[in-house]
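Next up, start-v7.tsv (TSV, C-alpha atoms):
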chain	number	residue	atom	x	y	z
A	782	MET	CA	103.24	82.25	161.07
A	783	ALA	CA	101.37	79.19	162.29
A	784	LYS	CA	99.11	79.31	159.22
A	785	ILE	CA	102.14	79.26	156.93
A	786	ILE	CA	103.65	76.29	158.74
A	787	LEU	CA	100.31	74.49	158.59
A	788	LEU	CA	100.02	75.26	154.87
A	789	LEU	CA	103.55	74.06	154.15
A	790	THR	CA	102.83	70.86	156.08
A	791	LEU	CA	99.35	70.06	154.76
A	792	LEU	CA	99.79	71.07	151.12
A	793	PRO	CA	102.38	68.37	150.30
A	794	LEU	CA	100.22	65.77	152.05
A	795	VAL	CA	97.14	66.82	150.06
A	796	GLU	CA	99.18	66.81	146.83
A	797	LEU	CA	100.55	63.34	147.57
A	798	ALA	CA	97.07	62.03	148.34
A	799	LEU	CA	95.72	63.50	145.09
A	800	LEU	CA	98.60	62.03	143.05
A	801	LEU	CA	98.11	58.60	144.64
A	802	THR	CA	94.35	58.77	144.06
A	803	LEU	CA	94.83	59.82	140.44
A	804	GLY	CA	97.34	57.00	139.97
A	805	ARG	CA	94.94	54.48	141.50
A	806	PHE	CA	91.99	55.48	139.29
A	807	THR	CA	93.99	55.85	136.09
A	808	SER	CA	97.58	54.59	135.86
A	809	VAL	CA	101.03	55.57	136.99
A	810	GLN	CA	101.96	56.50	133.41
A	811	PHE	CA	98.93	58.79	133.07
A	812	THR	CA	99.69	60.47	136.40
A	813	LEU	CA	103.35	61.06	135.49
A	814	GLY	CA	102.31	62.25	132.03
A	815	PHE	CA	99.81	64.66	133.58
A	816	VAL	CA	102.45	66.19	135.87
A	817	ILE	CA	105.02	66.46	133.05
A	818	ILE	CA	102.59	67.87	130.46
A	819	ALA	CA	101.16	70.32	133.01
A	820	GLY	CA	104.69	71.50	133.79
A	821	ILE	CA	105.63	71.97	130.12
A	822	THR	CA	102.35	73.66	129.24
A	823	GLY	CA	102.62	75.85	132.31
A	824	ALA	CA	106.17	76.87	131.41
A	825	LEU	CA	105.08	77.88	127.91
A	826	LEU	CA	102.06	79.81	129.17
A	827	LEU	CA	104.18	81.37	131.89
A	828	ARG	CA	106.66	82.67	129.33
A	829	TYR	CA	103.91	84.06	127.09
A	830	GLN	CA	101.91	85.65	129.91
A	831	GLY	CA	105.04	86.99	131.62
A	832	LEU	CA	106.15	88.76	128.45
A	833	ARG	CA	102.65	90.10	127.97
A	834	ALA	CA	102.58	91.49	131.52
A	835	TYR	CA	106.00	93.07	130.96
A	836	ARG	CA	104.78	94.75	127.76
A	837	ASN	CA	101.66	96.00	129.58
A	838	ILE	CA	103.83	97.50	132.33
A	839	GLN	CA	106.00	99.23	129.72
A	840	ARG	CA	102.91	100.51	127.88
A	841	ASP	CA	101.39	101.91	131.08
A	842	LEU	CA	104.62	103.64	132.05
A	843	ALA	CA	105.03	105.12	128.56
A	844	ALA	CA	101.48	106.47	128.77
A	845	GLY	CA	102.22	108.07	132.15
A	846	ARG	CA	99.90	105.73	134.09
A	847	LEU	CA	100.74	103.73	137.18
A	848	PRO	CA	100.92	100.06	136.12
A	849	THR	CA	99.08	98.75	139.18
A	850	ASP	CA	96.97	96.11	137.41
A	851	SER	CA	99.91	95.05	135.25
A	852	LEU	CA	102.18	94.73	138.28
A	853	PHE	CA	99.51	92.75	140.11
A	854	ASP	CA	99.19	90.48	137.08
A	855	GLY	CA	102.97	90.06	137.02
A	856	ALA	CA	102.97	89.05	140.68
A	857	LEU	CA	100.17	86.54	140.10
A	858	ILE	CA	102.03	85.14	137.08
A	859	LEU	CA	105.10	84.71	139.29
A	860	VAL	CA	102.99	82.83	141.84
A	861	ALA	CA	101.64	80.68	138.99
A	862	GLY	CA	105.20	79.82	137.99
A	863	VAL	CA	106.06	78.74	141.52
A	864	LEU	CA	102.89	76.64	141.72
A	865	LEU	CA	103.59	74.99	138.36
A	866	LEU	CA	107.13	74.10	139.43
A	867	THR	CA	105.70	72.38	142.48
A	868	PRO	CA	104.74	68.84	141.49
A	869	GLY	CA	101.13	68.04	142.23
A	870	VAL	CA	97.60	68.14	140.93
A	871	LEU	CA	96.14	70.93	143.05
A	872	THR	CA	99.06	73.33	142.58
A	873	ASP	CA	99.07	72.66	138.82
A	874	ILE	CA	95.36	73.43	138.54
A	875	VAL	CA	95.64	76.66	140.55
A	876	GLY	CA	98.81	77.64	138.66
A	877	MET	CA	97.14	77.05	135.29
A	878	THR	CA	94.10	79.10	136.27
A	879	LEU	CA	96.40	81.94	137.33
A	880	LEU	CA	97.75	82.00	133.78
A	881	ILE	CA	94.30	82.55	132.27
A	882	PRO	CA	93.64	86.33	132.16
A	883	TYR	CA	89.92	86.00	133.00
A	884	CYS	CA	90.64	83.83	136.04
A	885	ARG	CA	93.50	86.10	137.07
A	886	ARG	CA	91.10	89.09	137.17
A	887	ALA	CA	88.80	87.08	139.45
A	888	TYR	CA	91.71	86.17	141.75
A	889	ARG	CA	92.82	89.82	141.78
A	890	GLY	CA	89.31	90.93	142.78
A	891	TRP	CA	89.16	88.36	145.57
A	892	ILE	CA	92.59	89.33	146.89
A	893	VAL	CA	91.82	93.06	146.88
A	894	ALA	CA	88.45	92.44	148.59
A	895	TYR	CA	90.17	90.25	151.19
A	896	PHE	CA	92.73	92.91	152.06
A	897	LYS	CA	90.14	95.68	152.11
A	898	ALA	CA	88.00	93.70	154.54
A	899	ARG	CA	90.95	92.45	156.58
A	900	TRP	CA	92.88	95.63	157.12
A	901	LYS	CA	90.19	98.31	157.05
A	902	LEU	CA	92.80	100.96	156.42
A	903	SER	CA	90.70	103.96	155.54
A	904	GLY	CA	93.44	105.86	153.70
A	905	PHE	CA	94.67	102.82	151.79
A	906	THR	CA	91.25	101.49	150.83
A	907	GLN	CA	90.01	104.95	149.87
A	908	ALA	CA	93.08	105.44	147.66
A	909	ILE	CA	92.30	102.16	145.90
A	910	GLY	CA	88.71	103.27	145.41
A	911	GLY	CA	89.78	106.58	143.96
A	912	ALA	CA	89.08	109.13	146.71
A	913	THR	CA	92.34	110.23	148.28
A	914	ASN	CA	91.70	113.41	150.27
A	915	THR	CA	89.93	113.58	153.60
A	916	SER	CA	87.24	116.06	152.55
A	917	ALA	CA	86.11	113.73	149.75
A	918	ARG	CA	85.86	110.87	152.24
A	919	ARG	CA	83.52	112.89	154.48
A	920	GLY	CA	81.39	113.95	151.55
A	921	GLU	CA	82.18	117.65	151.89
A	922	VAL	CA	82.54	119.73	148.76
A	923	ILE	CA	84.54	122.93	148.91
A	924	ASP	CA	83.96	125.14	145.90
A	925	SER	CA	86.46	127.89	145.23
A	926	TYR	CA	87.71	130.16	142.50
A	927	VAL	CA	90.62	132.49	141.91
A	928	VAL	CA	90.14	136.24	141.49
A	929	GLU	CA	93.03	138.16	140.08
A	930	ARG	CA	93.34	141.75	141.23
A	931	ASP	CA	95.45	144.65	140.26
A	932	PRO	CA	98.36	144.93	142.73
A	933	SER	CA	97.80	148.70	142.93
A	934	GLN	CA	94.30	148.19	144.38
A	935	LYS	CA	93.90	148.22	148.13
A	936	LEU	CA	92.15	145.35	149.95
A	937	ARG	CA	89.27	145.99	152.30
A	938	ASN	CA	88.94	143.74	155.32
A	939	ASN	CA	85.67	142.89	157.06
A	940	SER	CA	85.85	145.92	159.35
A	941	GLY	CA	85.83	148.27	156.36
A	942	SER	CA	89.38	149.54	156.78
A	943	GLU	CA	91.92	149.28	154.00
A	944	ALA	CA	94.77	146.75	154.15
A	945	GLU	CA	97.71	145.98	151.89
Could you write out this structure as structure tokens?
Amino acid sequence: MAKIILLLTLLPLVELALLLTLGRFTSVQFTLGFVIIAGITGALLLRYQGLRAYRNIQRDLAAGRLPTDSLFDGALILVAGVLLLTPGVLTDIVGMTLLIPYCRRAYRGWIVAYFKARWKLSGFTQAIGGATNTSARRGEVIDSYVVERDPSQKLRNNSGSEAE
């Protein structure tokens, strides 16, 4: 909770400092133009990428696949929208990069790696990696097969006597 409060306190200060620095080295008109153009461009990209993520989710569901990557992309696109609505240079840059599919894949990889390292939940991280049962995690392989038998035949147990 303290990290969130610190982030919400420091981020506006950093953004204000960046805007003032940009205005000092260029002009007030350029700085305002940058913020406005970044917002408009971000809104257009957000609409395009959001619709694309929605179509990907629909395609995955129609194919019978879980839309995990598409849902993750949708969440990152939502975060990009929030960042682009926040006035500032840093949030606009991060928001724009979240709207670029190549950059979004990199962010997704970093976030997944962070949570794998942070939580060390063996069942959750193994499920992400593909192995979901406990025997596969230990490296044991159990080979089996099914033998159909005639119900009229009697079974023999290990002691040699017949059983039904």
Spatial neighbours of segment 880-886 of chain A, max dist 7 Å, all atoms listed in the file, sep filter under 3 positions, as a PyMOL selection string: chain A and resi 826-827+830+858+861+876-877+889-890
Please report the interatomic distance between atom CA of Glu796 of chain A and atom CA of Leu864 of chain A in Å with one decimal. 11.7 Å
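Between atom CA of Ile892 of chain A and atom CA of Met782 of chain A there is a distance of 19.1 Å.
When atom CA of Asp854 of chain A is paired with atom CA of Gly831 of chain A, their separation reads 8.7 Å.
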Determine the nearest neighbour of Ile821 of chain A from the options A:Glu921, A:Asp873, A:Asp931, A:Asp841, counting only C-alpha atoms.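 So, comparing all the options, the nearest one is A:Asp873.
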